Amino acid sequence: MLTLFDYLERLNSLLRSWQRDDAQLSQVPAVQLSALRYLSLCNAYSDTVMGVTEYLGLTKGTVSQSLKALEERGWLVKEADAADKRQVHLRPTAAGLQVLSQLAAVDALQQAALALGPGFADALSSQLGQLLGQLQQQEKRSFGVCRSCRFHQQQHGAPFCGLTQQPLPLSAIELICREHQPAKSEESPE
Ligand code: SF4
């Protein structure tokens, strides 16, 4: 009998094989695409070498090499932080975002979920999010979505981070963050 693990592993194999079928993307190591996708989904507290390293669970050396390759492809640029010049942000370029939009697997997955009925994708995403949260209980970083963080607040009608004590752009509340901590209601009972 197939277990949850088997289904997830099979899905992962299928998604990777579609990537290999793409003429351009088949030449790009999966780790580079994973790093680029992470950088397209994370906020400004998380778009650093350390953020990518922690998210992918790889060594800093491997991640640095992949980021250098992405830069050489013109899919990523480094930008010094406006307030702290020692801090460097990694931003996907328009060309990098275009490559990500070509990931056939993302579209195919969405289409398959839509074919299974309205609400299927949202319900499954929510359940997978809960499963991930459960698995990550012992992990230092949850990389959750900003709006679900215990530090997420509203000040003067706008999003505000209670941890950094900084206002948040509206566009950042759906992004993932390396400082995220689950809100109380998301934590499992002890
Ligand atoms: S509220 Fe939480 S998730 Fe959002 S920026 Fe602050 S620490 Fe990160």
# chains A, B, ... in the order shown; residues from 1 in each chain; ligands from 1
>>> residues_around(residues="region 60-71 of chain A", least_positions_apart="5", cutoff="9 Å", atoms="only C-alpha atoms", output="JSON, numbers by chain")
{"A": [29, 31, 32, 33, 35, 36, 49, 50, 52, 53, 54, 76, 77, 78, 90, 92, 96]}
>>> residues_near_ligand(ligand="ligand 1", cutoff="10 Å", atoms="only C-alpha atoms and all ligand atoms", output="ChimeraX atom specification")
/A:42-46,142-154,159-169,172-183
>>> atom_distance(atom1="CA of Ser26 (chain A)", atom2="CA of Thr48 (chain A)")
25.7 Å
>>> closest_residue(among="A:Tyr55, A:Trp18, A:Tyr7, A:Phe120", to="Ala108 (chain A)", atoms="only C-alpha atoms")
A:Trp18
>>> closest_residue(among="A:Tyr38, A:Leu2, A:Gln19, A:Leu8", to="Leu128 (chain A)", atoms="only C-alpha atoms")
A:Leu8
>>> residues_around(residues="region 22-24 of chain A", least_positions_apart="5", cutoff="10 Å", atoms="only C-alpha atoms", output="list in words")
Ser17, Val99, Gln102, Leu103 and Ala104 of chain A
>>> closest_residue(among="A:Leu15, A:Leu4, A:Leu25, A:Leu170", to="Gln98 (chain A)", atoms="only C-alpha atoms")
A:Leu25
>>> atom_distance(atom1="CA of Ser125 (chain A)", atom2="CA of Arg141 (chain A)")
19.5 Å
>>> atom_distance(atom1="CA of Leu109 (chain A)", atom2="CA of Ala121 (chain A)")
9.3 Å
>>> select_by_dssp(residues="region 59-173 of chain A", states="helix (DSSP H, G or I)", output="PyMOL selection string")
chain A and resi 60-72+94-101+104-115+120-135+146-148+170-172
